[in-house]
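work-v2.txt follows (compact mmCIF, C-alpha atoms):
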# COMPACT_ATOMS: atom_id res chain seq x y z
CA MET A 26 -9.06 5.94 -11.34
CA THR A 27 -6.13 6.02 -8.93
CA MET A 28 -5.16 3.01 -6.86
CA LYS A 29 -5.89 5.06 -3.74
CA LYS A 30 -9.48 5.72 -4.80
CA PHE A 31 -10.04 2.15 -5.87
CA PHE A 32 -8.86 0.56 -2.65
CA GLY A 33 -10.25 3.18 -0.27
CA ASN A 34 -12.65 1.73 2.31
CA ILE A 35 -12.34 -1.66 0.63
CA MET A 36 -14.21 -4.68 2.00
CA ALA A 37 -13.21 -8.23 1.11
CA VAL A 38 -15.81 -10.86 0.34
CA ILE A 39 -14.05 -14.19 -0.11
CA ASP A 40 -16.12 -16.58 -2.21
CA SER A 41 -16.71 -20.04 -0.76
CA SER A 42 -16.58 -21.80 -4.12
CA MET A 43 -12.84 -22.54 -3.93
CA PRO A 44 -12.58 -26.34 -4.28
CA HIS A 45 -10.83 -28.72 -1.91
CA ILE A 46 -7.12 -28.60 -2.71
CA SER A 47 -4.90 -31.62 -2.21
CA ILE A 48 -1.28 -31.29 -1.17
CA PHE A 49 -0.47 -32.83 -4.54
CA ASP A 50 -2.02 -29.76 -6.22
CA VAL A 51 0.40 -27.36 -4.59
CA ALA A 52 3.61 -29.35 -4.25
CA GLY A 53 5.89 -31.60 -6.26
CA PRO A 54 7.12 -31.03 -9.82
CA ILE A 55 4.83 -28.06 -10.52
CA MET A 56 6.97 -25.90 -8.19
CA ILE A 57 10.60 -24.95 -7.87
CA GLY A 58 11.81 -25.75 -4.33
CA PRO A 59 13.09 -25.99 -1.76
CA SER A 60 9.94 -24.82 0.05
CA SER A 61 6.36 -24.24 -1.02
CA SER A 62 6.13 -21.42 1.53
CA HIS A 63 9.46 -19.73 0.88
CA THR A 64 9.64 -20.17 -2.90
CA ALA A 65 6.32 -20.98 -4.60
CA GLY A 66 4.27 -18.82 -2.24
CA ALA A 67 6.80 -16.01 -2.46
CA CYS A 68 6.72 -16.18 -6.25
CA LYS A 69 2.91 -15.94 -6.23
CA ILE A 70 3.01 -12.81 -4.03
CA GLY A 71 5.41 -11.25 -6.51
CA GLN A 72 3.04 -12.13 -9.34
CA TYR A 73 0.15 -10.38 -7.58
CA ALA A 74 2.24 -7.26 -7.03
CA ARG A 75 3.30 -7.05 -10.69
CA ALA A 76 -0.22 -7.74 -11.99
CA ILE A 77 -1.81 -5.03 -9.88
CA PHE A 78 1.01 -2.56 -10.56
CA HIS A 79 0.33 -3.00 -14.30
CA HIS A 80 3.46 -1.15 -15.42
CA THR A 81 7.04 -2.15 -16.09
CA PRO A 82 8.96 -1.44 -12.88
CA SER A 83 12.49 -0.07 -12.91
CA LYS A 84 12.96 -0.63 -9.19
CA VAL A 85 11.56 -3.04 -6.62
CA THR A 86 12.20 -3.15 -2.88
CA PHE A 87 11.28 -6.17 -0.76
CA TYR A 88 10.82 -5.62 2.99
CA LEU A 89 11.12 -9.10 4.47
CA HIS A 90 9.31 -9.88 7.72
CA GLY A 91 9.92 -12.71 10.17
CA SER A 92 11.40 -15.90 8.73
CA PHE A 93 11.39 -14.36 5.27
CA GLY A 94 13.95 -11.86 6.54
CA GLU A 95 15.98 -14.50 8.38
CA VAL A 96 16.41 -17.21 5.74
CA TYR A 97 15.55 -15.56 2.42
CA LYS A 98 18.94 -16.30 0.86
CA GLY A 99 19.21 -19.92 1.95
CA HIS A 100 15.61 -20.74 0.99
CA ALA A 101 15.74 -18.86 -2.36
CA THR A 102 12.95 -16.52 -1.25
CA ASP A 103 14.81 -13.60 -2.80
CA ARG A 104 14.93 -15.28 -6.20
CA ALA A 105 11.32 -16.44 -5.93
CA LEU A 106 9.97 -12.97 -5.09
CA LEU A 107 11.94 -11.39 -7.91
CA ALA A 108 10.84 -14.13 -10.31
CA GLY A 109 7.20 -13.42 -9.47
CA VAL A 110 7.66 -9.71 -10.12
CA MET A 111 9.10 -10.65 -13.53
CA LYS A 112 6.02 -12.83 -14.19
CA PHE A 113 7.80 -16.19 -14.02
CA LYS A 114 5.60 -19.17 -13.26
CA THR A 115 6.11 -20.96 -9.95
CA ARG A 116 7.51 -23.98 -11.83
CA ASP A 117 9.84 -21.98 -14.12
CA PRO A 118 13.42 -23.32 -13.84
CA LYS A 119 14.72 -19.82 -14.62
CA MET A 120 13.72 -18.86 -11.07
CA LYS A 121 17.17 -19.92 -9.85
CA ASP A 122 18.71 -17.28 -12.12
CA ALA A 123 16.21 -14.52 -11.26
CA LEU A 124 18.80 -12.19 -9.72
CA ALA A 125 21.00 -12.27 -12.81
CA ILE A 126 18.02 -11.99 -15.17
CA ALA A 127 16.75 -8.92 -13.29
CA ARG A 128 20.16 -7.27 -13.64
CA GLU A 129 20.16 -8.04 -17.36
CA LYS A 130 16.73 -6.42 -17.67
CA GLY A 131 17.93 -3.33 -15.80
CA LEU A 132 15.56 -3.97 -12.89
CA GLU A 133 17.04 -2.54 -9.71
CA TYR A 134 16.20 -4.61 -6.62
CA LYS A 135 16.85 -4.55 -2.90
CA PHE A 136 16.00 -6.94 -0.04
CA ILE A 137 15.62 -5.40 3.42
CA PRO A 138 14.73 -7.44 6.55
CA MET A 139 12.12 -5.49 8.54
CA ASN A 140 9.64 -6.11 11.35
CA LEU A 141 6.23 -5.31 9.82
CA GLY A 142 4.33 -5.99 13.04
CA GLU A 143 3.08 -8.86 15.19
CA LYS A 144 -0.21 -9.18 13.29
CA TYR A 145 1.54 -10.60 10.23
CA HIS A 146 2.48 -14.20 9.49
CA PRO A 147 6.25 -14.89 9.75
CA ASN A 148 6.42 -15.42 5.98
CA THR A 149 5.38 -11.90 4.99
CA VAL A 150 6.79 -9.35 2.57
CA LYS A 151 6.04 -5.76 1.69
CA ILE A 152 6.80 -5.16 -1.98
CA VAL A 153 7.28 -1.64 -3.34
CA LEU A 154 7.27 -1.39 -7.13
CA GLU A 155 8.11 1.83 -8.89
CA ASN A 156 9.23 3.50 -12.08
CA SER A 157 9.60 7.15 -13.08
CA ARG A 158 5.83 7.74 -13.04
CA HIS A 159 4.21 5.14 -10.80
CA LYS A 160 4.68 3.64 -7.36
CA MET A 161 2.69 0.96 -5.56
CA SER A 162 3.08 -1.13 -2.41
CA LEU A 163 1.62 -4.49 -1.45
CA ILE A 164 1.83 -6.66 1.67
CA GLY A 165 1.35 -10.39 1.32
CA SER A 166 1.98 -13.56 3.30
CA SER A 167 2.83 -17.10 2.28
CA ILE A 168 0.73 -19.05 4.76
CA GLY A 169 1.78 -22.61 3.93
CA GLY A 170 1.37 -25.25 1.25
CA GLY A 171 1.61 -22.72 -1.55
CA MET A 172 -1.29 -20.66 -0.18
CA VAL A 173 -0.88 -16.89 -0.06
CA GLN A 174 -2.90 -13.97 1.24
CA ILE A 175 -2.67 -10.34 0.18
CA PHE A 176 -3.44 -8.06 3.13
CA GLN A 177 -2.72 -4.57 1.94
CA ILE A 178 -2.38 -2.57 -1.29
CA ASP A 179 -1.16 1.02 -1.06
CA ASN A 180 -1.91 1.17 2.68
CA PHE A 181 -5.51 0.00 2.21
CA PRO A 182 -6.62 -3.36 3.68
CA VAL A 183 -7.73 -6.13 1.35
CA GLY A 184 -8.34 -9.86 1.70
CA ILE A 185 -7.22 -11.73 -1.40
CA HIS A 186 -6.21 -15.39 -1.18
CA GLY A 187 -4.41 -17.46 -3.79
CA VAL A 188 -2.85 -20.82 -4.50
CA ALA A 189 0.60 -21.19 -6.02
CA GLY A 190 1.35 -23.95 -8.48
CA LYS A 191 -1.69 -25.55 -10.05
CA PHE A 192 -3.86 -22.62 -11.11
CA MET A 193 -3.33 -19.74 -13.49
CA SER A 194 -4.98 -16.64 -12.06
CA LEU A 195 -6.52 -13.56 -13.64
CA VAL A 196 -7.13 -10.32 -11.72
CA ILE A 197 -10.15 -8.38 -13.03
CA ARG A 198 -11.33 -4.90 -12.07
CA HIS A 199 -14.94 -4.27 -13.07
CA VAL A 200 -18.18 -2.53 -12.23
CA LYS A 201 -20.01 -4.14 -9.36
CA GLU A 202 -22.78 -5.79 -11.33
CA SER A 203 -23.71 -9.38 -10.64
CA ASP A 204 -23.62 -10.51 -14.29
CA VAL A 205 -20.25 -9.06 -15.37
CA ILE A 206 -18.15 -11.92 -14.03
CA ALA A 207 -20.81 -14.45 -15.05
CA ARG A 208 -20.52 -13.22 -18.63
CA LEU A 209 -16.73 -13.33 -18.40
CA ILE A 210 -16.71 -16.90 -17.05
CA ASP A 211 -19.09 -17.98 -19.80
CA LYS A 212 -16.76 -16.60 -22.47
CA ILE A 213 -13.70 -18.16 -20.83
CA GLU A 214 -15.26 -21.60 -20.75
CA LYS A 215 -16.35 -21.24 -24.38
CA LEU A 216 -12.69 -20.79 -25.36
CA GLY A 217 -12.30 -24.53 -24.83
CA GLU A 218 -10.05 -26.61 -22.57
CA ILE A 219 -10.19 -23.97 -19.79
CA GLU A 220 -12.40 -23.97 -16.72
CA VAL A 221 -12.75 -21.78 -13.67
CA ALA A 222 -11.62 -23.65 -10.55
CA GLY A 223 -12.40 -20.89 -8.06
CA ARG A 224 -12.91 -17.17 -7.56
CA GLU A 225 -12.50 -14.42 -5.00
CA ASP A 226 -14.23 -11.04 -4.90
CA THR A 227 -13.33 -7.74 -3.27
CA SER A 228 -15.49 -4.63 -3.74
CA PHE A 229 -16.42 -1.13 -2.69
CA LYS A 230 -19.05 1.30 -3.99
CA ASP A 231 -19.55 0.66 -7.71
CA LYS A 232 -16.24 -1.12 -8.41
CA ALA A 233 -14.99 -4.63 -7.69
CA LEU A 234 -11.84 -6.70 -7.98
CA THR A 235 -12.23 -10.39 -8.83
CA VAL A 236 -9.54 -13.06 -8.99
CA LEU A 237 -10.38 -16.08 -11.16
CA HIS A 238 -8.33 -19.26 -10.76
CA LEU A 239 -8.21 -21.22 -14.02
CA ARG A 240 -7.12 -24.72 -14.92
CA GLY A 241 -6.62 -26.41 -18.26
CA ARG A 242 -4.60 -25.10 -21.16
CA ALA A 243 -2.81 -21.76 -20.99
CA ILE A 244 -4.99 -18.80 -21.91
CA LEU A 245 -3.51 -16.71 -24.72
CA LEU A 246 -2.74 -12.99 -24.83
CA ARG A 247 -5.17 -12.34 -27.68
CA GLU A 248 -7.93 -14.15 -25.77
CA VAL A 249 -7.42 -11.98 -22.72
CA ILE A 250 -7.46 -8.84 -24.90
CA GLU A 251 -10.85 -9.92 -26.29
CA LEU A 252 -12.21 -10.75 -22.84
CA GLU A 253 -11.16 -7.32 -21.63
CA LYS A 254 -13.62 -5.79 -24.13
CA ILE A 255 -16.62 -7.12 -22.18
CA GLU A 256 -18.77 -4.21 -21.09
CA GLY A 257 -18.21 -3.33 -17.46
CA ILE A 258 -14.61 -4.61 -17.27
CA ASP A 259 -11.89 -2.02 -16.63
CA PHE A 260 -8.95 -4.38 -17.01
CA ILE A 261 -7.78 -7.98 -16.81
CA ARG A 262 -4.30 -8.80 -15.55
CA SER A 263 -2.64 -12.21 -15.64
CA LEU A 264 -0.42 -13.29 -12.75
CA HIS A 265 2.14 -14.63 -15.19
CA LYS A 266 3.33 -13.83 -18.68
CA LEU A 267 0.69 -14.63 -21.29
CA GLU A 268 1.55 -16.81 -24.26
CA LYS A 269 1.09 -15.61 -27.83
CA ASP A 270 -0.15 -17.86 -30.66
Could the structure of this file be written out as structure tokens, please?
Amino acid sequence: MTMKKFFGNIMAVIDSSMPHISIFDVAGPIMIGPSSSHTAGACKIGQYARAIFHHTPSKVTFYLHGSFGEVYKGHATDRALLAGVMKFKTRDPKMKDALAIAREKGLEYKFIPMNLGEKYHPNTVKIVLENSRHKMSLIGSSIGGGMVQIFQIDNFPVGIHGVAGKFMSLVIRHVKESDVIARLIDKIEKLGEIEVAGREDTSFKDKALTVLHLRGRAILLREVIELEKIEGIDFIRSLHKLEKD
């Protein structure tokens, strides 16, 4: 299924189960500064873009709106966005070297200040990821305190929220059956030392996209591969690099 088909006529249904989040959950030593909005939030938007792209990009272009376009160098927003696209965690100290690491990996990148429109938050970016066979765009905003919102994927409106810092997030595409995610959550919690802290759901027709926010130990690559075998699940993508045994 193409991204265009999947996100056509999409309608967001944001689940109300997201717990109260303290400022201490999204700031402090779990993030690389100087700003939760300009670095941690930017990194999380990059993570979403890479997870949904689900390919290795050879080129990425960042169209920086509002304050993102004005202060991206001084506030390390450029490094944070690029770090997210490379699947770095928001607290990864390698974020400061993201530009050099991208060059070493052969990832071409460009930052272009652009007015995306008055409807968007000042901390907004349009990310275009591409390689020789695939291309995808995403618009997301860092709305403060490490919170982000994804507004658009490939020109189709969505409504995905996320928190940078404390939670590890999985993006799941699946058939729109009420028990698919319930079965997935059950298996995740049976892995031990992992629990689901919150979820968000977006759907249309017979397909759905769910984001699960996890806390506890890091989930492993082999565990995600097994979870992906659950009937009704098309794919599971992690918003950061998965650890092996």
_Distance of atom CA of A:Ile197 from atom CA of A:Lys254, expressed in Å to one decimal place_ =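 The value is 11.9 Å.
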*asked:* Using Å and a single decimal, report how far atom CA of A:Gly171 sits from atom CA of A:His199.
replied: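 Computed distance, atom CA of A:His199 to atom CA of A:Gly171, equals 27.3 Å.
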*Neighbours of A:Leu89 within 9 Å (only C-alpha atoms; same-chain residues fewer than 2 positions away dropped), as a list in words?*
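The filter keeps Phe87, Gly91, Ser92, Phe93, Gly94, Glu95, Tyr97, Phe136, Ile137, Pro138, Met139, Asn140, Leu141, Asn148, Thr149, Val150, Lys151 and Ile152 of chain A.
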*asked:* Report, in Å with one decimal, the straight-line distance from atom CA of A:Val96 to atom CA of A:Ala67.
replied: 12.7 Å
*Looking at A:Asp270, A:Arg198, A:Asp226, A:Gly241, which one is nearest to A:Ile255, with distances taken over all atoms listed in the file?*
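Smallest distance to A:Ile255 is found for A:Arg198.
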*Which of these residues is nearest to A:Ser166, using only C-alpha atoms: A:Val249, A:Arg240, A:His90, A:Asp122?*
A:His90
*A:Glu251: which residues within 12 Å, counting only C-alpha atoms, same-chain residues fewer than 4 positions away excluded, as a PyMOL selection string?*
chain A and resi 209+212-213+216+244-247+255-256+258+260-261
Export C-alpha atoms of the chosen residues as a PDB file, keeping the file's coordinate frame?
ATOM      1  CA  LEU A 209     -16.730 -13.330 -18.400  1.00  0.00           C
ATOM      2  CA  LYS A 212     -16.760 -16.600 -22.470  1.00  0.00           C
ATOM      3  CA  ILE A 213     -13.700 -18.160 -20.830  1.00  0.00           C
ATOM      4  CA  LEU A 216     -12.690 -20.790 -25.360  1.00  0.00           C
ATOM      5  CA  ILE A 244      -4.990 -18.800 -21.910  1.00  0.00           C
ATOM      6  CA  LEU A 245      -3.510 -16.710 -24.720  1.00  0.00           C
ATOM      7  CA  LEU A 246      -2.740 -12.990 -24.830  1.00  0.00           C
ATOM      8  CA  ARG A 247      -5.170 -12.340 -27.680  1.00  0.00           C
ATOM      9  CA  ILE A 255     -16.620  -7.120 -22.180  1.00  0.00           C
ATOM     10  CA  GLU A 256     -18.770  -4.210 -21.090  1.00  0.00           C
ATOM     11  CA  ILE A 258     -14.610  -4.610 -17.270  1.00  0.00           C
ATOM     12  CA  PHE A 260      -8.950  -4.380 -17.010  1.00  0.00           C
ATOM     13  CA  ILE A 261      -7.780  -7.980 -16.810  1.00  0.00           C
TER      14      ILE A 261
END
*Contact residues around A:Lys112 with only C-alpha atoms at 6 Å, ignoring same-chain residues under 2 positions, as JSON, numbers by chain*: {"A": [72, 109, 110, 265, 266]}
*Extract, using all atoms listed in the file, all DNA, RNA and protein residues at most 12 Å from A:Arg242, discarding same-chain residues fewer than 6 positions from it, and format them as a list in words.*
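Using all atoms listed in the file, the neighbours found are Lys191, Phe192, Met193, Ile213, Glu214, Leu216, Gly217, Glu218, Ile219, Glu220, Val221, Leu267 and Glu268 of chain A.
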*Could you tell me which of A:Ile175, A:Leu124, A:Leu234, A:Ile210 comes closest to A:Tyr73 if we count only C-alpha atoms?*
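Closest to A:Tyr73, using only C-alpha atoms: A:Ile175.
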*Quick one: of A:Ala222, A:Ile206, A:Ala243, A:Leu132, who's nearest to A:Asp259, counting all atoms listed in the file?*
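Among the listed residues, A:Ile206 lies closest to A:Asp259.
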*Taking into account only C-alpha atoms, which residue in the set A:Lys215, A:His238, A:Arg262, A:Lys84 is nearest to A:Lys130?*
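Closest residue, counting only C-alpha atoms: A:Lys84.
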*Using only C-alpha atoms, which of the listed residues (A:Pro147, A:Gly184, A:Gly142, A:Gly223) sits closest to A:Ser167?*
A:Pro147
